[in-house]
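Shown here: start.txt, compact mmCIF, C-alpha atoms and all ligand atoms.
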```txt
# COMPACT_ATOMS: atom_id res chain seq x y z
CA MET A 1 -73.80 14.72 -22.63
CA GLY A 2 -73.96 15.06 -26.45
CA ARG A 3 -76.03 17.80 -28.02
CA PRO A 4 -76.56 21.14 -26.28
CA VAL A 5 -79.74 21.89 -24.36
CA PRO A 6 -82.03 23.95 -26.64
CA GLY A 7 -81.23 27.60 -26.11
CA GLN A 8 -78.79 26.91 -23.27
CA ARG A 9 -75.95 29.37 -22.82
CA ARG A 10 -72.76 27.93 -24.33
CA ARG A 11 -69.57 27.73 -22.31
CA ALA A 12 -66.41 29.44 -23.58
CA VAL A 13 -63.20 27.40 -23.56
CA GLY A 14 -61.63 27.58 -20.09
CA GLU A 15 -64.68 29.33 -18.62
CA GLU A 16 -65.76 28.14 -15.19
CA THR A 17 -69.49 27.40 -15.21
CA PRO A 18 -71.66 27.26 -12.09
CA GLU A 19 -71.66 23.46 -12.30
CA ASP A 20 -67.88 23.46 -11.67
CA ARG A 21 -68.22 25.22 -8.34
CA GLU A 22 -68.31 22.94 -5.29
CA LEU A 23 -70.88 23.76 -2.64
CA PRO A 24 -69.84 23.17 0.97
CA PHE A 25 -73.22 21.55 1.76
CA LEU A 26 -76.52 20.99 -0.01
CA ASP A 27 -77.58 24.56 -0.74
CA LEU A 28 -80.72 24.29 -2.83
CA ASP A 29 -81.09 28.07 -3.19
CA ALA A 30 -77.59 28.30 -4.66
CA LEU A 31 -78.36 25.37 -6.97
CA GLU A 32 -81.51 27.13 -8.19
CA GLU A 33 -79.49 30.27 -8.91
CA GLN A 34 -76.97 28.20 -10.88
CA ALA A 35 -79.82 26.72 -12.90
CA ARG A 36 -81.22 30.21 -13.50
CA ASP A 37 -77.82 31.23 -14.94
CA LEU A 38 -77.68 28.20 -17.23
CA LEU A 39 -81.20 27.96 -18.61
CA PRO A 40 -82.99 30.31 -20.99
CA GLY A 41 -85.19 32.67 -18.97
CA GLU A 42 -88.54 31.33 -20.18
CA VAL A 43 -87.47 27.72 -19.55
CA PHE A 44 -86.32 28.55 -16.04
CA ASP A 45 -89.65 30.32 -15.44
CA TYR A 46 -91.62 27.34 -16.74
CA TYR A 47 -89.83 25.07 -14.25
CA ALA A 48 -89.83 27.49 -11.31
CA GLY A 49 -93.25 29.07 -11.69
CA GLY A 50 -96.68 28.43 -10.26
CA ALA A 51 -100.27 29.33 -11.05
CA GLU A 52 -101.95 32.74 -10.77
CA THR A 53 -100.56 34.69 -7.79
CA GLU A 54 -98.18 31.84 -6.82
CA THR A 55 -99.55 31.90 -3.28
CA THR A 56 -99.50 28.10 -2.92
CA LEU A 57 -96.00 27.96 -4.38
CA ALA A 58 -94.77 30.61 -1.94
CA GLU A 59 -96.39 28.93 1.08
CA ALA A 60 -95.36 25.33 0.40
CA THR A 61 -92.08 25.23 2.29
CA ALA A 62 -93.27 27.57 5.04
CA ALA A 63 -96.17 25.18 5.69
CA TRP A 64 -93.79 22.31 6.55
CA ARG A 65 -91.98 24.74 8.85
CA SER A 66 -95.25 25.58 10.62
CA TRP A 67 -94.69 22.27 12.45
CA ARG A 68 -92.08 21.81 15.18
CA LEU A 69 -90.06 18.71 16.05
CA ARG A 70 -90.12 17.19 19.55
CA PRO A 71 -86.77 15.38 19.92
CA ARG A 72 -86.36 12.35 22.16
CA VAL A 73 -83.15 12.11 24.22
CA LEU A 74 -80.99 9.30 25.63
CA ARG A 75 -82.23 6.73 23.11
CA GLY A 76 -78.75 5.41 22.24
CA ILE A 77 -79.21 6.03 18.53
CA GLY A 78 -76.36 4.78 16.32
CA ALA A 79 -76.79 4.52 12.56
CA VAL A 80 -80.14 5.65 11.24
CA ASP A 81 -81.92 3.31 8.82
CA LEU A 82 -83.50 5.18 5.89
CA ARG A 83 -84.55 2.04 4.00
CA THR A 84 -88.21 1.35 3.42
CA GLU A 85 -90.66 -0.28 1.01
CA LEU A 86 -93.14 1.62 -1.12
CA LEU A 87 -95.95 -0.59 -2.40
CA GLY A 88 -93.57 -3.50 -2.02
CA THR A 89 -90.70 -1.76 -3.86
CA PRO A 90 -87.57 -1.64 -1.68
CA VAL A 91 -85.83 1.77 -1.65
CA ARG A 92 -82.75 3.04 0.18
CA THR A 93 -84.43 6.34 1.06
CA PRO A 94 -87.97 7.65 1.57
CA ILE A 95 -87.11 10.63 -0.67
CA GLY A 96 -88.16 9.99 -4.28
CA VAL A 97 -88.26 11.89 -7.54
CA ALA A 98 -91.65 13.38 -8.46
CA PRO A 99 -92.70 13.22 -12.11
CA TRP A 100 -91.67 16.32 -14.00
CA ALA A 101 -92.10 17.09 -17.64
CA TYR A 102 -89.77 17.80 -20.56
CA GLN A 103 -86.48 16.91 -18.86
CA GLY A 104 -84.61 17.19 -22.16
CA MET A 105 -85.09 20.94 -21.86
CA ALA A 106 -83.07 20.97 -18.62
CA HIS A 107 -80.23 18.73 -19.73
CA PRO A 108 -79.44 16.77 -22.92
CA ASP A 109 -79.62 13.48 -21.00
CA GLY A 110 -83.17 14.27 -19.89
CA GLU A 111 -84.99 11.46 -18.06
CA LEU A 112 -82.06 9.06 -18.61
CA GLY A 113 -79.85 11.34 -16.50
CA THR A 114 -82.46 11.60 -13.77
CA ALA A 115 -82.97 7.83 -13.80
CA ARG A 116 -79.23 7.17 -13.41
CA GLY A 117 -78.92 9.83 -10.72
CA ALA A 118 -81.87 8.49 -8.75
CA ALA A 119 -80.66 4.88 -9.04
CA ALA A 120 -77.24 5.87 -7.68
CA ALA A 121 -78.98 7.37 -4.65
CA GLY A 122 -81.20 4.29 -4.24
CA ALA A 123 -84.23 6.51 -4.75
CA LEU A 124 -87.48 5.80 -6.53
CA MET A 125 -88.07 7.78 -9.73
CA THR A 126 -91.50 8.57 -11.12
CA VAL A 127 -91.30 9.01 -14.89
CA SER A 128 -93.71 11.53 -16.43
CA THR A 129 -95.97 10.92 -19.40
CA SER A 130 -94.67 14.27 -20.70
CA ALA A 131 -91.19 12.86 -21.07
CA THR A 132 -88.53 13.25 -23.71
CA HIS A 133 -87.75 9.52 -23.57
CA THR A 134 -90.11 6.57 -23.82
CA PRO A 135 -90.86 4.44 -20.75
CA GLU A 136 -88.88 1.62 -22.35
CA GLU A 137 -85.80 3.83 -22.92
CA VAL A 138 -85.80 4.97 -19.28
CA ALA A 139 -86.24 1.36 -18.14
CA ALA A 140 -83.23 0.31 -20.21
CA ALA A 141 -81.06 3.08 -18.72
CA THR A 142 -81.07 1.72 -15.19
CA ASP A 143 -82.50 -1.00 -13.00
CA GLY A 144 -83.35 1.50 -10.24
CA PRO A 145 -86.88 1.49 -8.75
CA ARG A 146 -89.34 3.21 -11.10
CA TRP A 147 -93.01 4.17 -11.25
CA PHE A 148 -94.78 5.58 -14.31
CA GLN A 149 -97.00 8.66 -14.12
CA LEU A 150 -99.98 8.76 -16.46
CA TYR A 151 -101.76 11.79 -17.90
CA ARG A 152 -104.91 11.57 -19.89
CA LEU A 153 -103.80 12.35 -23.42
CA HIS A 154 -106.11 13.41 -26.22
CA SER A 155 -106.27 9.89 -27.55
CA ALA A 156 -107.83 7.48 -25.03
CA ARG A 157 -106.43 4.56 -27.02
CA HIS A 158 -102.93 5.98 -26.74
CA THR A 159 -103.35 6.63 -23.00
CA ASP A 160 -104.46 3.03 -22.44
CA ASP A 161 -101.52 1.81 -24.47
CA LEU A 162 -99.06 3.79 -22.31
CA ALA A 163 -100.55 2.25 -19.16
CA ARG A 164 -100.06 -1.26 -20.60
CA ARG A 165 -96.50 -0.46 -21.72
CA ALA A 166 -95.59 0.76 -18.21
CA GLY A 167 -96.58 -2.64 -16.82
CA ASP A 168 -94.69 -4.47 -19.56
CA ALA A 169 -91.53 -2.35 -19.07
CA GLY A 170 -91.11 -3.27 -15.41
CA TYR A 171 -92.49 -0.15 -13.72
CA ARG A 172 -93.73 -1.05 -10.25
CA ALA A 173 -96.75 1.28 -9.94
CA LEU A 174 -98.91 3.52 -12.08
CA VAL A 175 -99.37 7.06 -10.79
CA LEU A 176 -102.55 8.74 -12.07
CA THR A 177 -102.20 12.50 -11.84
CA VAL A 178 -105.69 13.82 -11.25
CA ASP A 179 -105.09 17.50 -10.52
CA LEU A 180 -104.65 18.49 -14.15
CA PRO A 181 -108.08 18.19 -15.82
CA LEU A 182 -106.89 21.39 -17.48
CA LEU A 183 -103.66 23.30 -17.18
CA GLY A 184 -103.34 25.86 -14.37
CA ARG A 185 -103.05 29.50 -15.38
CA ARG A 186 -99.33 30.12 -15.09
CA ARG A 187 -98.81 33.83 -15.48
CA ARG A 188 -95.05 33.58 -16.08
CA ASP A 189 -95.67 31.29 -19.07
CA LEU A 190 -98.52 33.43 -20.39
CA ARG A 191 -96.30 36.51 -20.12
CA SER A 192 -93.36 34.88 -21.93
CA ASP A 193 -95.71 33.17 -24.43
CA PHE A 194 -93.86 30.01 -23.47
CA ALA A 195 -93.77 27.25 -26.06
CA LEU A 196 -91.81 24.03 -26.04
CA PRO A 197 -88.70 24.18 -28.26
CA ALA A 198 -89.58 22.92 -31.74
CA ASP A 199 -86.83 20.27 -31.61
CA LEU A 200 -87.79 18.90 -28.20
CA ARG A 201 -88.73 15.23 -28.48
CA LEU A 202 -92.14 14.48 -26.98
CA ALA A 203 -91.52 10.78 -26.71
CA ASN A 204 -95.01 9.77 -25.62
CA SER A 205 -97.03 11.85 -28.05
CA PRO A 206 -98.50 9.73 -30.80
CA ALA A 207 -96.97 10.31 -34.21
CA ASP A 208 -100.36 11.32 -35.58
CA GLY A 209 -100.18 14.52 -33.54
CA GLY A 210 -103.22 13.47 -31.52
CA ALA A 211 -101.79 14.52 -28.19
CA PRO A 212 -100.65 18.12 -28.33
CA GLU A 213 -98.63 18.86 -25.21
CA LEU A 214 -99.28 21.73 -22.80
CA GLN A 215 -102.83 22.02 -24.09
CA PRO A 216 -105.31 23.50 -21.64
CA HIS A 217 -107.95 20.72 -21.90
CA ALA A 218 -108.05 16.98 -22.20
CA PRO A 219 -111.40 15.63 -23.45
CA ALA A 220 -113.58 13.27 -21.38
CA PRO A 221 -112.00 13.78 -17.96
CA TRP A 222 -111.29 10.80 -15.74
CA THR A 223 -113.58 9.68 -12.92
CA PHE A 224 -113.06 7.39 -9.91
CA ASP A 225 -113.95 4.42 -12.15
CA ASP A 226 -110.72 4.93 -14.10
CA ILE A 227 -108.64 3.90 -11.07
CA ALA A 228 -109.60 0.22 -11.30
CA ARG A 229 -109.63 0.32 -15.10
CA PHE A 230 -106.01 1.51 -15.27
CA GLY A 231 -105.02 -0.96 -12.56
CA ASP A 232 -106.42 -3.76 -14.74
CA LEU A 233 -104.83 -2.45 -17.93
CA SER A 234 -101.37 -2.00 -16.44
CA ARG A 235 -101.52 -4.86 -13.93
CA LEU A 236 -99.90 -2.44 -11.47
CA PRO A 237 -100.94 -0.93 -8.15
CA VAL A 238 -102.41 2.52 -8.72
CA VAL A 239 -101.31 5.67 -6.89
CA VAL A 240 -103.59 8.71 -7.18
CA LYS A 241 -101.56 11.93 -7.23
CA GLY A 242 -102.98 15.36 -6.50
CA VAL A 243 -105.37 14.60 -3.63
CA LEU A 244 -105.85 17.33 -1.00
CA ARG A 245 -109.01 16.19 0.85
CA GLY A 246 -109.84 13.29 3.14
CA ASP A 247 -113.18 12.59 1.43
CA ASP A 248 -111.54 12.34 -2.00
CA ALA A 249 -108.86 10.08 -0.56
CA VAL A 250 -111.54 7.72 0.80
CA ARG A 251 -113.23 7.55 -2.60
CA CYS A 252 -109.91 6.84 -4.32
CA VAL A 253 -109.13 3.97 -1.96
CA GLU A 254 -112.69 2.58 -2.22
CA ALA A 255 -112.26 2.72 -6.00
CA GLY A 256 -109.10 0.58 -5.80
CA ALA A 257 -106.16 2.95 -5.24
CA ALA A 258 -103.27 1.37 -3.35
CA ALA A 259 -101.87 4.75 -2.37
CA VAL A 260 -102.74 8.42 -2.35
CA TRP A 261 -100.22 11.19 -3.08
CA VAL A 262 -100.94 14.53 -1.40
CA SER A 263 -99.83 17.27 -3.78
CA THR A 264 -100.63 20.74 -5.09
CA HIS A 265 -98.64 19.93 -8.24
CA GLY A 266 -95.95 22.27 -6.97
CA GLY A 267 -98.45 25.17 -6.78
CA ARG A 268 -98.93 25.00 -10.55
CA GLN A 269 -102.63 24.14 -10.69
CA VAL A 270 -105.17 25.51 -8.14
CA ASP A 271 -103.99 28.72 -6.54
CA PRO A 272 -104.36 29.32 -3.68
CA ALA A 273 -104.73 25.64 -2.79
CA VAL A 274 -104.19 24.32 0.74
CA ALA A 275 -100.54 23.41 1.34
CA SER A 276 -99.60 19.71 1.30
CA ALA A 277 -98.26 20.08 4.86
CA HIS A 278 -101.73 21.13 6.00
CA ALA A 279 -103.72 18.66 3.89
CA LEU A 280 -101.60 15.62 4.80
CA PRO A 281 -102.96 15.05 8.35
CA GLU A 282 -106.59 15.00 7.07
CA VAL A 283 -105.73 12.53 4.30
CA VAL A 284 -103.78 10.27 6.66
CA ALA A 285 -106.65 10.32 9.15
CA ALA A 286 -109.06 9.34 6.37
CA VAL A 287 -107.13 6.50 4.66
CA GLY A 288 -103.83 5.97 6.46
CA GLU A 289 -104.94 2.58 7.82
CA ASP A 290 -105.91 1.24 4.39
CA ALA A 291 -103.42 2.77 1.95
CA GLU A 292 -99.98 4.29 1.75
CA VAL A 293 -99.90 8.09 1.70
CA TYR A 294 -97.14 10.20 0.13
CA ALA A 295 -96.58 13.95 -0.02
CA ASP A 296 -94.71 16.51 -2.08
CA GLY A 297 -94.47 20.27 -2.52
CA GLY A 298 -91.84 22.58 -1.08
CA ILE A 299 -89.78 19.89 0.66
CA ARG A 300 -86.32 21.39 0.87
CA SER A 301 -84.61 20.06 4.02
CA GLY A 302 -84.17 16.90 6.03
CA SER A 303 -86.44 18.27 8.74
CA ASP A 304 -89.19 18.95 6.14
CA VAL A 305 -88.94 15.26 5.21
CA LEU A 306 -89.07 14.18 8.85
CA THR A 307 -92.12 16.38 9.45
CA ALA A 308 -93.94 14.70 6.55
CA LEU A 309 -93.02 11.21 7.83
CA ALA A 310 -94.23 12.11 11.32
CA LEU A 311 -97.52 13.35 9.84
CA GLY A 312 -98.02 9.90 8.32
CA ALA A 313 -96.40 10.00 4.89
CA SER A 314 -94.55 6.81 3.90
CA ALA A 315 -92.41 8.80 1.47
CA VAL A 316 -91.92 12.27 0.06
CA PHE A 317 -91.07 13.38 -3.45
CA LEU A 318 -89.02 16.25 -4.86
CA GLY A 319 -89.80 18.22 -7.99
CA ARG A 320 -87.79 21.39 -8.55
CA PRO A 321 -84.70 20.44 -6.50
CA VAL A 322 -84.22 17.56 -8.95
CA VAL A 323 -84.79 19.91 -11.90
CA TRP A 324 -81.98 22.14 -10.62
CA GLY A 325 -79.75 19.13 -9.91
CA LEU A 326 -80.18 17.75 -13.43
CA ALA A 327 -79.82 21.15 -15.10
CA THR A 328 -76.58 21.98 -13.30
CA GLY A 329 -74.90 18.61 -12.99
CA GLY A 330 -76.68 15.91 -15.01
CA ASP A 331 -77.04 12.55 -13.26
CA ALA A 332 -74.39 13.45 -10.66
CA GLY A 333 -76.37 16.61 -9.87
CA VAL A 334 -79.50 14.54 -9.25
CA THR A 335 -77.61 12.13 -7.01
CA GLY A 336 -76.11 15.09 -5.13
CA VAL A 337 -79.53 16.54 -4.34
CA LEU A 338 -81.01 13.21 -3.24
CA ASP A 339 -77.96 12.16 -1.20
CA GLY A 340 -77.67 15.61 0.36
CA LEU A 341 -81.25 15.59 1.60
CA ALA A 342 -81.02 11.98 2.75
CA GLU A 343 -77.95 12.92 4.76
CA GLU A 344 -79.80 15.82 6.37
CA LEU A 345 -82.73 13.53 7.15
CA ALA A 346 -80.50 10.93 8.80
CA HIS A 347 -78.75 13.64 10.81
CA THR A 348 -82.02 15.18 12.02
CA MET A 349 -83.41 11.76 12.91
CA ALA A 350 -80.32 10.95 14.96
CA LEU A 351 -80.68 14.27 16.75
CA CYS A 352 -84.34 13.48 17.43
CA GLY A 353 -83.59 9.99 18.78
CA LEU A 354 -85.29 8.19 15.88
CA PRO A 355 -83.62 5.02 14.51
CA GLU A 356 -85.68 4.20 11.39
CA VAL A 357 -87.92 5.92 8.87
CA ARG A 358 -90.49 3.12 8.86
CA SER A 359 -91.65 4.00 12.35
CA VAL A 360 -91.58 7.72 12.97
CA PRO A 361 -94.16 8.39 15.71
CA ARG A 362 -96.89 10.97 15.11
CA ASP A 363 -96.02 12.76 18.34
CA THR A 364 -92.65 13.73 16.84
CA VAL A 365 -94.30 16.92 15.56
CA VAL A 366 -96.56 19.55 16.99
CA PRO A 367 -97.91 22.74 15.42
CA ALA A 368 -95.60 25.69 16.00
CA GLY A 369 -96.57 27.76 18.99
CA VAL A 370 -98.60 25.00 20.65
CA ILE A 371 -97.62 24.12 24.21
CA ARG A 372 -98.30 20.43 24.73
CA ARG A 373 -99.53 19.13 28.06
CA THR A 374 -99.25 15.38 28.46
C1 LIG A 401 -91.49 21.78 -14.14
C2 LIG A 401 -92.49 20.83 -13.52
C3 LIG A 401 -93.09 19.87 -14.31
C4 LIG A 401 -93.99 18.98 -13.72
N1 LIG A 401 -94.52 17.99 -14.49
C5 LIG A 401 -95.32 17.08 -13.92
C6 LIG A 401 -95.77 15.97 -14.67
O1 LIG A 401 -95.43 15.79 -15.82
N2 LIG A 401 -96.62 15.11 -14.03
C7 LIG A 401 -97.02 15.27 -12.73
O2 LIG A 401 -97.78 14.47 -12.21
N3 LIG A 401 -96.56 16.30 -12.00
C8 LIG A 401 -95.72 17.19 -12.55
N4 LIG A 401 -95.22 18.20 -11.80
C9 LIG A 401 -95.54 18.27 -10.36
C10 LIG A 401 -94.50 17.46 -9.55
O3 LIG A 401 -94.69 16.08 -9.75
C11 LIG A 401 -94.60 17.71 -8.03
O4 LIG A 401 -95.93 17.50 -7.62
C12 LIG A 401 -94.13 19.08 -7.58
O5 LIG A 401 -93.11 19.57 -8.41
C13 LIG A 401 -93.63 19.01 -6.14
O6 LIG A 401 -93.28 20.26 -5.67
P1 LIG A 401 -91.78 20.84 -5.59
O7 LIG A 401 -91.40 21.20 -7.00
O8 LIG A 401 -91.95 22.02 -4.72
O9 LIG A 401 -90.90 19.78 -4.98
C14 LIG A 401 -94.32 19.09 -12.35
C15 LIG A 401 -93.70 20.07 -11.57
C16 LIG A 401 -92.77 20.92 -12.13
C17 LIG A 401 -92.10 21.94 -11.26
C1 LIG A 402 -100.23 16.58 -21.07
C2 LIG A 402 -100.51 17.74 -20.21
C3 LIG A 402 -99.41 18.79 -20.05
C4 LIG A 402 -98.49 18.46 -18.93
C5 LIG A 402 -97.70 19.59 -18.44
C6 LIG A 402 -96.61 19.16 -17.53
C7 LIG A 402 -96.92 19.50 -16.12
O1 LIG A 402 -97.45 18.70 -15.41
C8 LIG A 402 -96.57 20.79 -15.59
O2 LIG A 402 -96.85 21.04 -14.39
O3 LIG A 402 -96.05 21.65 -16.33
```

In structure tokens, write the structure found in this file.
Amino acid sequence: MGRPVPGQRRRAVGEETPEDRELPFLDLDALEEQARDLLPGEVFDYYAGGAETETTLAEATAAWRSWRLRPRVLRGIGAVDLRTELLGTPVRTPIGVAPWAYQGMAHPDGELGTARGAAAAGALMTVSTSATHTPEEVAAATDGPRWFQLYRLHSARHTDDLARRAGDAGYRALVLTVDLPLLGRRRRDLRSDFALPADLRLANSPADGGAPELQPHAPAPWTFDDIARFGDLSRLPVVVKGVLRGDDAVRCVEAGAAAVWVSTHGGRQVDPAVASAHALPEVVAAVGEDAEVYADGGIRSGSDVLTALALGASAVFLGRPVVWGLATGGDAGVTGVLDGLAEELAHTMALCGLPEVRSVPRDTVVPAGVIRRT
């Protein structure tokens, strides 16, 4: 635990904090409220908020729930198998940790806590470029499955170097986030004049100050040609994160991407952007035969996960639920969130007569309100 989180409310001796209270089941809303109590208001808003009118943020979860499950009966389902492989990396669950920035602001352990928590759950963690620990430090903290997420920093040389280091440090894939050519307009942050705490360590910013964080623009934006270039530099399979269209997905795969990650960046970039739950079927139809497809954004229950798998995702990723888990309970909080959702997923799959996540049939879901005639 060590030093206090910058600006975090201090606990009085003998005081019960929200993290001491046991929840009877995974209640992500309650966890978010606990995090709201613990974190300084502007930090909570930075984590929770979205862009402009927050329409995409508000619709994300509802969009998964605009699909309905079609359970199968009498299939003799015993234990459900959640294990799978993502680009050849074995994982115990198809629910991974999305990259999220500045984890040291949520908890003193930062990315090391998330890495330990994810490893305990057997879940894949994607480590952000905007981290408060270096890729090597996170790698040393755990031998859990890890991918590294790359942003284009102001120094191209430094960006290239990070890609190489990810390969050298045992990360298993490089995730290029392509939906942030400039920062979305986040009204909560503009209103609070949000700035990173002066003592927050930006572990991947070059010492020469060449990569100011949370800057609106990066120079010389990436193109499709960068996919193969970063694959060569890192010697890792490349995942392109932030794709919402079938035609873009095709171009990514033609350019060398091994996987495409459907995402609205948690509603923090384009607003109103199409929800992941509505973009996923188009992307799977376009490239699902040639590449793995993942999804994130608003996934908050086991049935949301199952819906995404049925729509063709090989895995899903969580952003804010992990933020709240780390903020309220450190590594154990992260494990609790991941295990809780995995448990819900297994339960829903058993109820739906589905034995394994690797083969969830497409006809498991149907749009709400549609009467299906077979
Ligand atoms: C506070 C915060 C920071 C984020 N930082 C990054 C980042 O550094 N790199 C990245 O690719 N995506 C980042 N994202 C987007 C997440 O990877 C993910 O796409 C999104 O959070 C998923 O939606 P959810 O929060 O509803 O689960 C961030 C999201 C949040 C909420
Ligand atoms: C180096 C660019 C700033 C990254 C900001 C972190 C992020 O992705 C977010 O959504 O916030």

Expressed in Å to a single decimal, how great is the separation between atom CA of A:Glu59 and atom O2 of ligand LIG 401 (chain A)?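 Straight-line distance from atom CA of A:Glu59 to atom O2 of ligand LIG 401 (chain A) works out to 19.7 Å.
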
Around ligand LIG 402 (chain A), out to 10 Å and counting all atoms listed in the file, which residues are there? I want them as a PDB file with C-alpha atoms, keeping the file's coordinate frame.
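Once written, result_3.pdb looks like this:
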```pdb
ATOM      1  CA  TYR A  46     -91.620  27.340 -16.740  1.00  0.00           C
ATOM      2  CA  TYR A  47     -89.830  25.070 -14.250  1.00  0.00           C
ATOM      3  CA  ALA A  48     -89.830  27.490 -11.310  1.00  0.00           C
ATOM      4  CA  GLY A  49     -93.250  29.070 -11.690  1.00  0.00           C
ATOM      5  CA  GLY A  50     -96.680  28.430 -10.260  1.00  0.00           C
ATOM      6  CA  ALA A  51    -100.270  29.330 -11.050  1.00  0.00           C
ATOM      7  CA  PRO A  99     -92.700  13.220 -12.110  1.00  0.00           C
ATOM      8  CA  TRP A 100     -91.670  16.320 -14.000  1.00  0.00           C
ATOM      9  CA  ALA A 101     -92.100  17.090 -17.640  1.00  0.00           C
ATOM     10  CA  TYR A 102     -89.770  17.800 -20.560  1.00  0.00           C
ATOM     11  CA  SER A 128     -93.710  11.530 -16.430  1.00  0.00           C
ATOM     12  CA  THR A 129     -95.970  10.920 -19.400  1.00  0.00           C
ATOM     13  CA  SER A 130     -94.670  14.270 -20.700  1.00  0.00           C
ATOM     14  CA  ALA A 131     -91.190  12.860 -21.070  1.00  0.00           C
ATOM     15  CA  LEU A 150     -99.980   8.760 -16.460  1.00  0.00           C
ATOM     16  CA  TYR A 151    -101.760  11.790 -17.900  1.00  0.00           C
ATOM     17  CA  ARG A 152    -104.910  11.570 -19.890  1.00  0.00           C
ATOM     18  CA  LEU A 153    -103.800  12.350 -23.420  1.00  0.00           C
ATOM     19  CA  HIS A 154    -106.110  13.410 -26.220  1.00  0.00           C
ATOM     20  CA  THR A 177    -102.200  12.500 -11.840  1.00  0.00           C
ATOM     21  CA  ASP A 179    -105.090  17.500 -10.520  1.00  0.00           C
ATOM     22  CA  LEU A 180    -104.650  18.490 -14.150  1.00  0.00           C
ATOM     23  CA  PRO A 181    -108.080  18.190 -15.820  1.00  0.00           C
ATOM     24  CA  LEU A 182    -106.890  21.390 -17.480  1.00  0.00           C
ATOM     25  CA  LEU A 183    -103.660  23.300 -17.180  1.00  0.00           C
ATOM     26  CA  GLY A 184    -103.340  25.860 -14.370  1.00  0.00           C
ATOM     27  CA  ARG A 186     -99.330  30.120 -15.090  1.00  0.00           C
ATOM     28  CA  ASN A 204     -95.010   9.770 -25.620  1.00  0.00           C
ATOM     29  CA  SER A 205     -97.030  11.850 -28.050  1.00  0.00           C
ATOM     30  CA  ALA A 211    -101.790  14.520 -28.190  1.00  0.00           C
ATOM     31  CA  PRO A 212    -100.650  18.120 -28.330  1.00  0.00           C
ATOM     32  CA  GLU A 213     -98.630  18.860 -25.210  1.00  0.00           C
ATOM     33  CA  LEU A 214     -99.280  21.730 -22.800  1.00  0.00           C
ATOM     34  CA  GLN A 215    -102.830  22.020 -24.090  1.00  0.00           C
ATOM     35  CA  PRO A 216    -105.310  23.500 -21.640  1.00  0.00           C
ATOM     36  CA  HIS A 217    -107.950  20.720 -21.900  1.00  0.00           C
ATOM     37  CA  ALA A 218    -108.050  16.980 -22.200  1.00  0.00           C
ATOM     38  CA  HIS A 265     -98.640  19.930  -8.240  1.00  0.00           C
ATOM     39  CA  GLY A 266     -95.950  22.270  -6.970  1.00  0.00           C
ATOM     40  CA  GLY A 267     -98.450  25.170  -6.780  1.00  0.00           C
ATOM     41  CA  ARG A 268     -98.930  25.000 -10.550  1.00  0.00           C
ATOM     42  CA  GLN A 269    -102.630  24.140 -10.690  1.00  0.00           C
ATOM     43  CA  GLY A 319     -89.800  18.220  -7.990  1.00  0.00           C
TER      44      GLY A 319
END
```

Env of A:Ser276: 8 Å cut, atoms = only C-alpha atoms, seq-sep filter 5 positions within chain, self excluded. Answer as JSON, numbers by chain. {"A": [60, 63, 244, 262, 263, 264, 295, 296, 297]}

Quick one: residues within 9 Å of stretch 113-124 of chain A, only C-alpha atoms counted, chain neighbours fewer than 4 positions away excluded, as number ranges by chain? A: 86, 89-98, 103, 107-109, 138-139, 141-147, 317, 322-323, 325-326, 330-336, 338-339, 342

Between A:Thr61, A:Gly340, A:Ala228, A:Leu351, which has the minimum distance to ligand LIG 401 (chain A) (counting all atoms listed in the file)?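 For ligand LIG 401 (chain A), the nearest of the candidates is A:Thr61.
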
Would you kindly return, as a PyMOL selection string, each protein, DNA or RNA residue with an atom no farther than 8 Å from any atom of stretch 300-316 of chain A, considering all atoms listed in the file and excluding same-chain residues fewer than 4 positions away? chain A and resi 28+61+64-65+67-69+86+94-96+277+280-281+284+288+292-296+321+341-349+357-358+360-365

Tell me, in Å to one decimal, how far atom CA of A:Gln149 is from atom CA of A:Val127. 5.8 Å

Taking into account all atoms listed in the file, which residue in the set A:Asp37, A:Glu42, A:Asp27, A:Glu136 is nearest to ligand LIG 401 (chain A)?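 Smallest distance to ligand LIG 401 (chain A) is found for A:Glu42.
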
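Relative to atom CA of A:Asp81, atom N4 of ligand LIG 401 (chain A) is found at 28.7 Å.
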
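Between ligand LIG 401 (chain A) and the residues A:Ala273, A:Val283, A:Leu57, A:Ala259, the shortest atom-to-atom distance, using only C-alpha atoms and all ligand atoms, involves A:Leu57.
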
Residue among A:Tyr171, A:Phe25, A:Phe194, A:Phe148 lying closest to A:Lys241, counting all atoms listed in the file: A:Phe148

May I have the residues within 10 Å of stretch 231-233 of chain A as a list in words, using only C-alpha atoms and disregarding those fewer than 5 positions away in the same chain? Asp160, Asp161, Leu162, Ala163, Arg164, Arg165, Ala166, Gly167, Ala173, Leu174, Val175, Asp226, Val238, Val239, Gly256, Ala257 and Ala258 of chain A

Given all atoms listed in the file as the counted atoms, nearest of A:Val260, A:Ala350, A:Leu176, A:Val253 to ligand LIG 401 (chain A):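 Nearest to ligand LIG 401 (chain A): A:Leu176.
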
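Across A:Leu38, A:Ala140, A:Ile299, A:Ile77, the tightest approach to ligand LIG 401 (chain A) is made by A:Ile299 when counting all atoms listed in the file.
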
Quick one: residues within 8 Å of A:Leu200, only C-alpha atoms counted, chain neighbours fewer than 6 positions away excluded, as number ranges by chain? A: 6, 102, 104-105, 132

Determine, counting all atoms listed in the file, every residue of protein, DNA or RNA that lies within 12 Å of (-102.4, 37.9, -12.2) in the file coordinates, then give the result as a list in words.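 Here is the list of nearby residues: Gly50, Ala51, Glu52, Thr53, Glu54, Thr55, Arg185, Arg186, Arg187, Arg188, Asp189, Leu190, Arg191 and Asp271 of chain A.
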